[in-house]
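Visitor: So here's protein-v3.pdb (PDB, C-alpha atoms and all ligand atoms).
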```
ATOM      1  CA  MET A 919     -27.169  16.115   7.040  1.00  0.00           C
ATOM      2  CA  SER A 920     -25.392  12.823   6.491  1.00  0.00           C
ATOM      3  CA  VAL A 921     -23.687  11.653   3.336  1.00  0.00           C
ATOM      4  CA  GLU A 922     -24.854   8.244   2.174  1.00  0.00           C
ATOM      5  CA  ALA A 923     -22.247   5.525   1.662  1.00  0.00           C
ATOM      6  CA  MET A 924     -22.931   5.387  -2.068  1.00  0.00           C
ATOM      7  CA  GLN A 925     -22.508   9.153  -2.503  1.00  0.00           C
ATOM      8  CA  PHE A 926     -19.263   8.994  -0.542  1.00  0.00           C
ATOM      9  CA  LYS A 927     -17.929   6.115  -2.674  1.00  0.00           C
ATOM     10  CA  ASN A 928     -18.982   7.817  -5.911  1.00  0.00           C
ATOM     11  CA  ALA A 929     -17.089  10.974  -4.978  1.00  0.00           C
ATOM     12  CA  LEU A 930     -13.949   9.030  -4.070  1.00  0.00           C
ATOM     13  CA  LYS A 931     -14.033   7.136  -7.382  1.00  0.00           C
ATOM     14  CA  LEU A 932     -13.227  10.499  -8.977  1.00  0.00           C
ATOM     15  CA  TRP A 933      -9.913  10.656  -7.120  1.00  0.00           C
ATOM     16  CA  ALA A 934      -7.127   9.333  -9.390  1.00  0.00           C
ATOM     17  CA  SER A 935      -4.172   7.762  -7.608  1.00  0.00           C
ATOM     18  CA  GLY A 936      -1.155   5.530  -7.948  1.00  0.00           C
ATOM     19  CA  VAL A 937      -1.252   1.975  -6.562  1.00  0.00           C
ATOM     20  CA  THR A 938       0.921   0.617  -3.748  1.00  0.00           C
ATOM     21  CA  VAL A 939       1.410  -2.700  -2.014  1.00  0.00           C
ATOM     22  CA  VAL A 940       2.128  -2.160   1.694  1.00  0.00           C
ATOM     23  CA  THR A 941       4.312  -4.945   3.105  1.00  0.00           C
ATOM     24  CA  THR A 942       5.458  -6.003   6.544  1.00  0.00           C
ATOM     25  CA  GLN A 943       6.746  -9.059   8.384  1.00  0.00           C
ATOM     26  CA  GLY A 944       4.512 -11.114  10.647  1.00  0.00           C
ATOM     27  CA  ARG A 945       5.432 -12.380  14.095  1.00  0.00           C
ATOM     28  CA  ASP A 946       5.850 -15.806  12.417  1.00  0.00           C
ATOM     29  CA  ASN A 947       8.590 -14.265  10.212  1.00  0.00           C
ATOM     30  CA  GLN A 948       6.364 -14.662   7.157  1.00  0.00           C
ATOM     31  CA  PRO A 949       5.785 -11.703   4.820  1.00  0.00           C
ATOM     32  CA  ARG A 950       2.407  -9.952   4.720  1.00  0.00           C
ATOM     33  CA  GLY A 951       1.151  -7.470   2.157  1.00  0.00           C
ATOM     34  CA  MET A 952      -1.923  -5.744   0.796  1.00  0.00           C
ATOM     35  CA  THR A 953      -2.822  -3.400  -2.042  1.00  0.00           C
ATOM     36  CA  ALA A 954      -3.474   0.174  -0.875  1.00  0.00           C
ATOM     37  CA  THR A 955      -4.266   3.367  -2.734  1.00  0.00           C
ATOM     38  CA  ALA A 956      -4.796   5.325   0.500  1.00  0.00           C
ATOM     39  CA  PHE A 957      -1.190   6.571   0.613  1.00  0.00           C
ATOM     40  CA  SER A 958       0.126  10.115   0.928  1.00  0.00           C
ATOM     41  CA  SER A 959       3.236  12.095   1.691  1.00  0.00           C
ATOM     42  CA  VAL A 960       2.986  13.851   5.067  1.00  0.00           C
ATOM     43  CA  SER A 961       6.232  15.682   5.864  1.00  0.00           C
ATOM     44  CA  VAL A 962       9.546  16.365   4.128  1.00  0.00           C
ATOM     45  CA  GLU A 963      11.602  17.197   7.238  1.00  0.00           C
ATOM     46  CA  PRO A 964      11.546  14.579   8.677  1.00  0.00           C
ATOM     47  CA  PRO A 965      10.412  12.452   5.703  1.00  0.00           C
ATOM     48  CA  GLN A 966       7.040  10.922   6.606  1.00  0.00           C
ATOM     49  CA  VAL A 967       4.229   9.209   4.708  1.00  0.00           C
ATOM     50  CA  LEU A 968       0.865   7.767   5.690  1.00  0.00           C
ATOM     51  CA  VAL A 969      -1.220   4.762   4.710  1.00  0.00           C
ATOM     52  CA  CYS A 970      -4.832   4.051   5.717  1.00  0.00           C
ATOM     53  CA  LEU A 971      -5.438   0.349   6.360  1.00  0.00           C
ATOM     54  CA  ASN A 972      -8.678  -1.334   7.306  1.00  0.00           C
ATOM     55  CA  GLN A 973      -8.511  -2.562  10.903  1.00  0.00           C
ATOM     56  CA  ALA A 974      -9.841  -5.936   9.749  1.00  0.00           C
ATOM     57  CA  THR A 975      -6.774  -6.609   7.576  1.00  0.00           C
ATOM     58  CA  ASP A 976      -4.198  -9.216   8.410  1.00  0.00           C
ATOM     59  CA  THR A 977      -1.456  -6.948   7.049  1.00  0.00           C
ATOM     60  CA  GLY A 978      -2.513  -3.938   9.143  1.00  0.00           C
ATOM     61  CA  ALA A 979      -2.465  -6.014  12.350  1.00  0.00           C
ATOM     62  CA  ALA A 980       0.992  -7.462  11.557  1.00  0.00           C
ATOM     63  CA  LEU A 981       2.346  -4.016  10.630  1.00  0.00           C
ATOM     64  CA  LEU A 982       1.272  -2.449  13.925  1.00  0.00           C
ATOM     65  CA  GLU A 983       3.022  -5.274  15.750  1.00  0.00           C
ATOM     66  CA  SER A 984       6.321  -5.186  13.851  1.00  0.00           C
ATOM     67  CA  ARG A 985       6.302  -1.331  13.546  1.00  0.00           C
ATOM     68  CA  ARG A 986       8.152  -1.671  10.223  1.00  0.00           C
ATOM     69  CA  PHE A 987       6.664  -1.508   6.736  1.00  0.00           C
ATOM     70  CA  ALA A 988       7.483  -0.818   3.116  1.00  0.00           C
ATOM     71  CA  VAL A 989       5.382   1.015   0.546  1.00  0.00           C
ATOM     72  CA  ASN A 990       5.995  -0.546  -2.876  1.00  0.00           C
ATOM     73  CA  ILE A 991       4.767   1.799  -5.625  1.00  0.00           C
ATOM     74  CA  LEU A 992       3.645  -0.368  -8.545  1.00  0.00           C
ATOM     75  CA  ASN A 993       4.645   0.145 -12.171  1.00  0.00           C
ATOM     76  CA  SER A 994       2.314   0.026 -15.176  1.00  0.00           C
ATOM     77  CA  ALA A 995       3.025  -3.704 -15.783  1.00  0.00           C
ATOM     78  CA  GLN A 996       1.948  -4.737 -12.270  1.00  0.00           C
ATOM     79  CA  GLU A 997      -1.850  -4.849 -12.498  1.00  0.00           C
ATOM     80  CA  ASP A 998      -1.712  -8.583 -11.712  1.00  0.00           C
ATOM     81  CA  VAL A 999       0.390  -7.917  -8.614  1.00  0.00           C
ATOM     82  CA  SER A1000      -2.173  -5.379  -7.422  1.00  0.00           C
ATOM     83  CA  ASN A1001      -4.978  -7.923  -7.893  1.00  0.00           C
ATOM     84  CA  GLN A1002      -3.037 -10.689  -6.121  1.00  0.00           C
ATOM     85  CA  PHE A1003      -2.520  -8.485  -3.057  1.00  0.00           C
ATOM     86  CA  ALA A1004      -6.107  -7.196  -3.008  1.00  0.00           C
ATOM     87  CA  GLY A1005      -7.727 -10.283  -1.497  1.00  0.00           C
ATOM     88  CA  GLY A1006      -9.032 -13.734  -2.359  1.00  0.00           C
ATOM     89  CA  THR A1007      -5.483 -15.107  -2.069  1.00  0.00           C
ATOM     90  CA  THR A1008      -3.316 -16.358   0.776  1.00  0.00           C
ATOM     91  CA  GLN A1009      -0.256 -14.383   1.812  1.00  0.00           C
ATOM     92  CA  GLU A1010       1.838 -17.277   0.514  1.00  0.00           C
ATOM     93  CA  GLN A1011       0.225 -16.999  -2.951  1.00  0.00           C
ATOM     94  CA  ARG A1012       0.691 -13.212  -2.942  1.00  0.00           C
ATOM     95  CA  PHE A1013       4.428 -13.360  -2.273  1.00  0.00           C
ATOM     96  CA  ALA A1014       4.903 -16.266  -4.694  1.00  0.00           C
ATOM     97  CA  SER A1015       3.638 -13.946  -7.460  1.00  0.00           C
ATOM     98  CA  VAL A1016       6.435 -11.340  -7.108  1.00  0.00           C
ATOM     99  CA  ALA A1017      10.204 -11.180  -6.723  1.00  0.00           C
ATOM    100  CA  TRP A1018      10.987  -9.776  -3.268  1.00  0.00           C
ATOM    101  CA  GLN A1019      13.701  -9.656  -0.662  1.00  0.00           C
ATOM    102  CA  MET A1020      13.994  -8.573   2.949  1.00  0.00           C
ATOM    103  CA  GLY A1021      14.623  -4.831   3.159  1.00  0.00           C
ATOM    104  CA  GLU A1022      17.136  -3.028   5.362  1.00  0.00           C
ATOM    105  CA  ASN A1023      14.603  -2.128   8.059  1.00  0.00           C
ATOM    106  CA  GLY A1024      13.025  -5.582   8.320  1.00  0.00           C
ATOM    107  CA  ALA A1025      10.069  -5.351   5.942  1.00  0.00           C
ATOM    108  CA  PRO A1026       9.857  -7.227   2.617  1.00  0.00           C
ATOM    109  CA  VAL A1027      10.523  -5.080  -0.474  1.00  0.00           C
ATOM    110  CA  PHE A1028       9.671  -5.829  -4.101  1.00  0.00           C
ATOM    111  CA  SER A1029      12.661  -6.348  -6.401  1.00  0.00           C
ATOM    112  CA  GLU A1030      10.722  -4.870  -9.313  1.00  0.00           C
ATOM    113  CA  CYS A1031       8.385  -1.895  -8.908  1.00  0.00           C
ATOM    114  CA  LEU A1032       8.586   1.850  -9.518  1.00  0.00           C
ATOM    115  CA  ALA A1033       9.713   2.883  -6.037  1.00  0.00           C
ATOM    116  CA  VAL A1034      10.074   1.561  -2.497  1.00  0.00           C
ATOM    117  CA  LEU A1035       9.875   3.540   0.754  1.00  0.00           C
ATOM    118  CA  GLU A1036      11.016   1.662   3.860  1.00  0.00           C
ATOM    119  CA  CYS A1037       9.295   3.038   6.937  1.00  0.00           C
ATOM    120  CA  ARG A1038       9.095   2.925  10.714  1.00  0.00           C
ATOM    121  CA  VAL A1039       5.723   3.556  12.439  1.00  0.00           C
ATOM    122  CA  VAL A1040       5.831   6.855  14.370  1.00  0.00           C
ATOM    123  CA  GLN A1041       2.112   7.488  14.852  1.00  0.00           C
ATOM    124  CA  GLN A1042      -1.175   5.648  14.497  1.00  0.00           C
ATOM    125  CA  VAL A1043      -4.714   7.014  14.644  1.00  0.00           C
ATOM    126  CA  GLN A1044      -7.873   4.935  14.772  1.00  0.00           C
ATOM    127  CA  ALA A1045     -10.324   6.529  12.344  1.00  0.00           C
ATOM    128  CA  GLY A1046     -13.655   4.767  11.827  1.00  0.00           C
ATOM    129  CA  SER A1047     -13.020   1.424  10.129  1.00  0.00           C
ATOM    130  CA  HIS A1048      -9.338   2.188   9.409  1.00  0.00           C
ATOM    131  CA  TRP A1049      -5.967   2.870  10.965  1.00  0.00           C
ATOM    132  CA  VAL A1050      -4.171   5.976   9.737  1.00  0.00           C
ATOM    133  CA  ILE A1051      -0.533   4.949  10.049  1.00  0.00           C
ATOM    134  CA  ILE A1052       2.269   7.495   9.775  1.00  0.00           C
ATOM    135  CA  GLY A1053       5.727   6.179   9.036  1.00  0.00           C
ATOM    136  CA  GLU A1054       9.118   7.822   8.984  1.00  0.00           C
ATOM    137  CA  VAL A1055      11.022   6.912   5.836  1.00  0.00           C
ATOM    138  CA  ASP A1056      14.451   5.320   6.475  1.00  0.00           C
ATOM    139  CA  ASN A1057      15.320   4.217   2.961  1.00  0.00           C
ATOM    140  CA  VAL A1058      14.142   4.918  -0.579  1.00  0.00           C
ATOM    141  CA  VAL A1059      14.648   3.195  -3.948  1.00  0.00           C
ATOM    142  CA  CYS A1060      13.497   4.689  -7.283  1.00  0.00           C
ATOM    143  CA  ARG A1061      13.494   2.826 -10.622  1.00  0.00           C
ATOM    144  CA  GLU A1062      12.776   3.618 -14.271  1.00  0.00           C
ATOM    145  CA  GLY A1063       9.257   3.127 -15.584  1.00  0.00           C
ATOM    146  CA  ASP A1064       5.684   4.418 -15.562  1.00  0.00           C
ATOM    147  CA  PRO A1065       3.240   4.202 -12.650  1.00  0.00           C
ATOM    148  CA  LEU A1066       0.163   2.008 -12.436  1.00  0.00           C
ATOM    149  CA  LEU A1067      -2.847   4.290 -11.855  1.00  0.00           C
ATOM    150  CA  TYR A1068      -6.297   3.642 -10.388  1.00  0.00           C
ATOM    151  CA  TYR A1069      -9.352   5.708 -11.283  1.00  0.00           C
ATOM    152  CA  ALA A1070     -13.138   5.123 -11.414  1.00  0.00           C
ATOM    153  CA  SER A1071     -12.733   1.505 -10.197  1.00  0.00           C
ATOM    154  CA  GLY A1072     -10.257   0.603 -12.935  1.00  0.00           C
ATOM    155  CA  TYR A1073      -6.531   0.498 -13.664  1.00  0.00           C
ATOM    156  CA  ARG A1074      -5.152   3.214 -15.955  1.00  0.00           C
ATOM    157  CA  LYS A1075      -1.859   4.183 -17.494  1.00  0.00           C
ATOM    158  CA  VAL A1076      -0.215   7.558 -17.947  1.00  0.00           C
ATOM    159  CA  ALA A1077      -1.101   8.951 -21.363  1.00  0.00           C
ATOM    160  CA  ASP A1078       0.399  12.431 -21.033  1.00  0.00           C
ATOM    161  CA  ARG A1079       4.041  12.728 -20.090  1.00  0.00           C
ATOM    162  CA  GLY A1080       3.967  16.542 -20.328  1.00  0.00           C
TER     163      GLY A1080
HETATM  164  C1  LIG B1101      -7.050  -0.786  -6.062  1.00  0.00           C
HETATM  165  C2  LIG B1101      -7.267  -1.197  -4.620  1.00  0.00           C
HETATM  166  C3  LIG B1101      -6.925  -0.306  -3.602  1.00  0.00           C
HETATM  167  C4  LIG B1101      -7.102  -0.655  -2.261  1.00  0.00           C
HETATM  168  N1  LIG B1101      -6.731   0.245  -1.298  1.00  0.00           N
HETATM  169  C5  LIG B1101      -6.901  -0.060   0.013  1.00  0.00           C
HETATM  170  C6  LIG B1101      -6.491   0.860   1.027  1.00  0.00           C
HETATM  171  O1  LIG B1101      -5.963   1.933   0.760  1.00  0.00           O
HETATM  172  N2  LIG B1101      -6.691   0.494   2.317  1.00  0.00           N
HETATM  173  C7  LIG B1101      -7.279  -0.705   2.674  1.00  0.00           C
HETATM  174  O2  LIG B1101      -7.444  -0.959   3.873  1.00  0.00           O
HETATM  175  N3  LIG B1101      -7.645  -1.605   1.728  1.00  0.00           N
HETATM  176  C8  LIG B1101      -7.456  -1.315   0.410  1.00  0.00           C
HETATM  177  N4  LIG B1101      -7.802  -2.228  -0.553  1.00  0.00           N
HETATM  178  C9  LIG B1101      -8.320  -3.541  -0.137  1.00  0.00           C
HETATM  179  C10 LIG B1101      -7.189  -4.466   0.351  1.00  0.00           C
HETATM  180  O3  LIG B1101      -6.168  -4.588  -0.623  1.00  0.00           O
HETATM  181  C11 LIG B1101      -7.716  -5.876   0.697  1.00  0.00           C
HETATM  182  O4  LIG B1101      -8.689  -5.758   1.694  1.00  0.00           O
HETATM  183  C12 LIG B1101      -6.588  -6.792   1.150  1.00  0.00           C
HETATM  184  O5  LIG B1101      -6.800  -8.050   0.594  1.00  0.00           O
HETATM  185  C13 LIG B1101      -6.471  -6.969   2.641  1.00  0.00           C
HETATM  186  O6  LIG B1101      -5.472  -7.933   2.878  1.00  0.00           O
HETATM  187  P1  LIG B1101      -5.303  -8.802   4.190  1.00  0.00           P
HETATM  188  O7  LIG B1101      -6.526  -8.671   5.070  1.00  0.00           O
HETATM  189  O8  LIG B1101      -5.166 -10.193   3.678  1.00  0.00           O
HETATM  190  O9  LIG B1101      -4.080  -8.310   4.829  1.00  0.00           O
HETATM  191  C14 LIG B1101      -7.642  -1.913  -1.918  1.00  0.00           C
HETATM  192  C15 LIG B1101      -7.989  -2.810  -2.949  1.00  0.00           C
HETATM  193  C16 LIG B1101      -7.798  -2.453  -4.276  1.00  0.00           C
HETATM  194  C17 LIG B1101      -8.166  -3.429  -5.363  1.00  0.00           C
END
```
Spell out the structure here as structure tokens.

Guide:
Amino acid sequence: MSVEAMQFKNALKLWASGVTVVTTQGRDNQPRGMTATAFSSVSVEPPQVLVCLNQATDTGAALLESRRFAVNILNSAQEDVSNQFAGGTTQEQRFASVAWQMGENGAPVFSECLAVLECRVVQQVQAGSHWVIIGEVDNVVCREGDPLLYYASGYRKVADRG
């Protein structure tokens, strides 16, 4: 029995997540980045995370070459940043829309966002249309604020702070 693409997508729309922009540096020394919600923690000791990037993406290809990337966790005011990095724009336009600097491990990091994890690729798995990329975390920054959320094809904000 096979699951139809629409059924699969409908089920995944019910998964609420935060929003990240995964960044890296291209061989041409220019920054690359793309919006990604397929992000997860993997291991605490050593600290590892994963991102799932479509093999057709410019950012994914550059990341697997440089072996360095940053996961920028967006705050609730960064819906526009998420849209900029989600396609229909050049990499130049994307990075002109945010304040960023070069991070300690050689990947661009956002100057304003909720958190940054600077990573080194330690494993990569080809899975269907995507790469599952596991990175070891070398540096972390956390800032004040609320997260940007994504659920049922739309951006959301935290309503319940417990
Ligand atoms: C909310 C949101 C989440 C997304 N999450 C992912 C993801 O986890 N993995 C992925 O490959 N693409 C994801 N995308 C699509 C990419 O952001 C988009 O294909 C991107 O423009 C690719 O950039 P590039 O090919 O220019 O590098 C997402 C898009 C949106 C709007």

Visitor: Quick one: pull the distance between atom CA of A:Ala980 and atom CA of A:Gly944, Å, one decimal.

Guide: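 Distance reported for this atom pair: 5.2 Å.
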
Visitor: For the file shown, report as a list in words the outcome of the PyMOL selection byres (((chain A and resi 1074) around 10) and not hetatm) at residue level.

Guide: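 Selected by the PyMOL selection byres (((chain A and resi 1074) around 10) and not hetatm) here: Ala934, Ser935, Gly936, Ser994, Glu997, Pro1065, Leu1066, Leu1067, Tyr1068, Tyr1069, Ala1070, Ser1071, Gly1072, Tyr1073, Lys1075, Val1076 and Ala1077 of chain A.
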
Visitor: Enumerate residues in contact with ligand LIG 1101 (chain B): an atom-to-atom distance of at most 10 Å, counting all atoms listed in the file. Format the result as a PyMOL selection string.

Guide: chain A and resi 935-942+950-957+969-981+997+1000-1009+1012+1047-1050+1067-1069+1071-1073

Visitor: Write the residues of the selection above to a file with C-alpha atoms, as a compact mmCIF listing (two decimals), in the coordinates of the input.

Guide:
```txt
# COMPACT_ATOMS: atom_id res chain seq x y z
CA SER A 935 -4.17 7.76 -7.61
CA GLY A 936 -1.16 5.53 -7.95
CA VAL A 937 -1.25 1.98 -6.56
CA THR A 938 0.92 0.62 -3.75
CA VAL A 939 1.41 -2.70 -2.01
CA VAL A 940 2.13 -2.16 1.69
CA THR A 941 4.31 -4.94 3.10
CA THR A 942 5.46 -6.00 6.54
CA ARG A 950 2.41 -9.95 4.72
CA GLY A 951 1.15 -7.47 2.16
CA MET A 952 -1.92 -5.74 0.80
CA THR A 953 -2.82 -3.40 -2.04
CA ALA A 954 -3.47 0.17 -0.88
CA THR A 955 -4.27 3.37 -2.73
CA ALA A 956 -4.80 5.32 0.50
CA PHE A 957 -1.19 6.57 0.61
CA VAL A 969 -1.22 4.76 4.71
CA CYS A 970 -4.83 4.05 5.72
CA LEU A 971 -5.44 0.35 6.36
CA ASN A 972 -8.68 -1.33 7.31
CA GLN A 973 -8.51 -2.56 10.90
CA ALA A 974 -9.84 -5.94 9.75
CA THR A 975 -6.77 -6.61 7.58
CA ASP A 976 -4.20 -9.22 8.41
CA THR A 977 -1.46 -6.95 7.05
CA GLY A 978 -2.51 -3.94 9.14
CA ALA A 979 -2.46 -6.01 12.35
CA ALA A 980 0.99 -7.46 11.56
CA LEU A 981 2.35 -4.02 10.63
CA GLU A 997 -1.85 -4.85 -12.50
CA SER A 1000 -2.17 -5.38 -7.42
CA ASN A 1001 -4.98 -7.92 -7.89
CA GLN A 1002 -3.04 -10.69 -6.12
CA PHE A 1003 -2.52 -8.48 -3.06
CA ALA A 1004 -6.11 -7.20 -3.01
CA GLY A 1005 -7.73 -10.28 -1.50
CA GLY A 1006 -9.03 -13.73 -2.36
CA THR A 1007 -5.48 -15.11 -2.07
CA THR A 1008 -3.32 -16.36 0.78
CA GLN A 1009 -0.26 -14.38 1.81
CA ARG A 1012 0.69 -13.21 -2.94
CA SER A 1047 -13.02 1.42 10.13
CA HIS A 1048 -9.34 2.19 9.41
CA TRP A 1049 -5.97 2.87 10.96
CA VAL A 1050 -4.17 5.98 9.74
CA LEU A 1067 -2.85 4.29 -11.86
CA TYR A 1068 -6.30 3.64 -10.39
CA TYR A 1069 -9.35 5.71 -11.28
CA SER A 1071 -12.73 1.50 -10.20
CA GLY A 1072 -10.26 0.60 -12.94
CA TYR A 1073 -6.53 0.50 -13.66
```

Visitor: So what does the PyMOL selection byres (((chain A and resi 1025) around 6) and not hetatm) actually pick up in this one, as number ranges by chain?

Guide: A: 942-943, 986-988, 1020-1021, 1023-1024, 1026

Visitor: Neighbours of stretch 1055-1063 of chain A within 7 Å (all atoms listed in the file; same-chain residues fewer than 5 positions away dropped), as a VMD selection string?

Guide: chain A and resid 965 to 966 993 1032 to 1038

Visitor: In Å to one decimal, how far is atom CA of A:Ala1014 from atom CA of A:Asp998?

Guide: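 Atom-to-atom, atom CA of A:Asp998 and atom CA of A:Ala1014 are spaced 12.3 Å apart.
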
Visitor: If we count all atoms listed in the file and set the cut-off at 7 Å, which residues sit around A:Val1039, ignoring sequence neighbours fewer than 6 positions away in its own chain? Please answer as a list of chain:residue names.

Guide: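 Returned residues: A:Arg985, A:Arg986, A:Ile1051, A:Ile1052, A:Gly1053, A:Glu1054.
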
Visitor: Box for stretch 1052-1057 of chain A - axis-aligned, 3 Å on each of the six sides, all listed atoms - centre and size in Å to one decimal, as AutoDock Vina command-line options.

Guide:
```
--center_x 8.8 --center_y 6.0 --center_z 6.4 --size_x 19.1 --size_y 9.6 --size_z 12.8
```

Visitor: Just to confirm, what's the straight-line distance from atom CA of A:Asp1078 to atom CA of A:Leu932 in Å (one decimal)?

Guide: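 Those two atoms sit 18.3 Å apart.
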
Visitor: Nearest residue to A:Val999 out of A:Val1043, A:Leu930, A:Val1016, A:Val921, using only C-alpha atoms?

Guide: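 Checking each candidate against A:Val999, we get A:Val1016 as the closest.
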
Visitor: Nearest to A:Asp946 among A:Gln1019, A:Asn928, A:Gln1011, A:Ser984, with distances taken over only C-alpha atoms: which residue is it?

Guide: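 Answer, going by the shortest atom-to-atom distance: A:Ser984.
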
Visitor: Applied to this file, what does the PyMOL selection byres (((chain A and resi 958) around 6) and not hetatm) return in terms of residues, put as a ChimeraX atom specification?

Guide: /A:957,959,967-968

Visitor: Contacts of A:Phe1028 at 7 Å or less, counting only C-alpha atoms, minus same-chain residues fewer than 5 places along, as a list in words?

Guide: Asn990, Ala1017, Trp1018 and Gln1019 of chain A

Visitor: Nearest residue to A:Phe1013 out of A:Gly1046, A:Val1040, A:Leu992, A:Val1027, using only C-alpha atoms?

Guide: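 That would be A:Val1027, the residue with the smallest distance to A:Phe1013.
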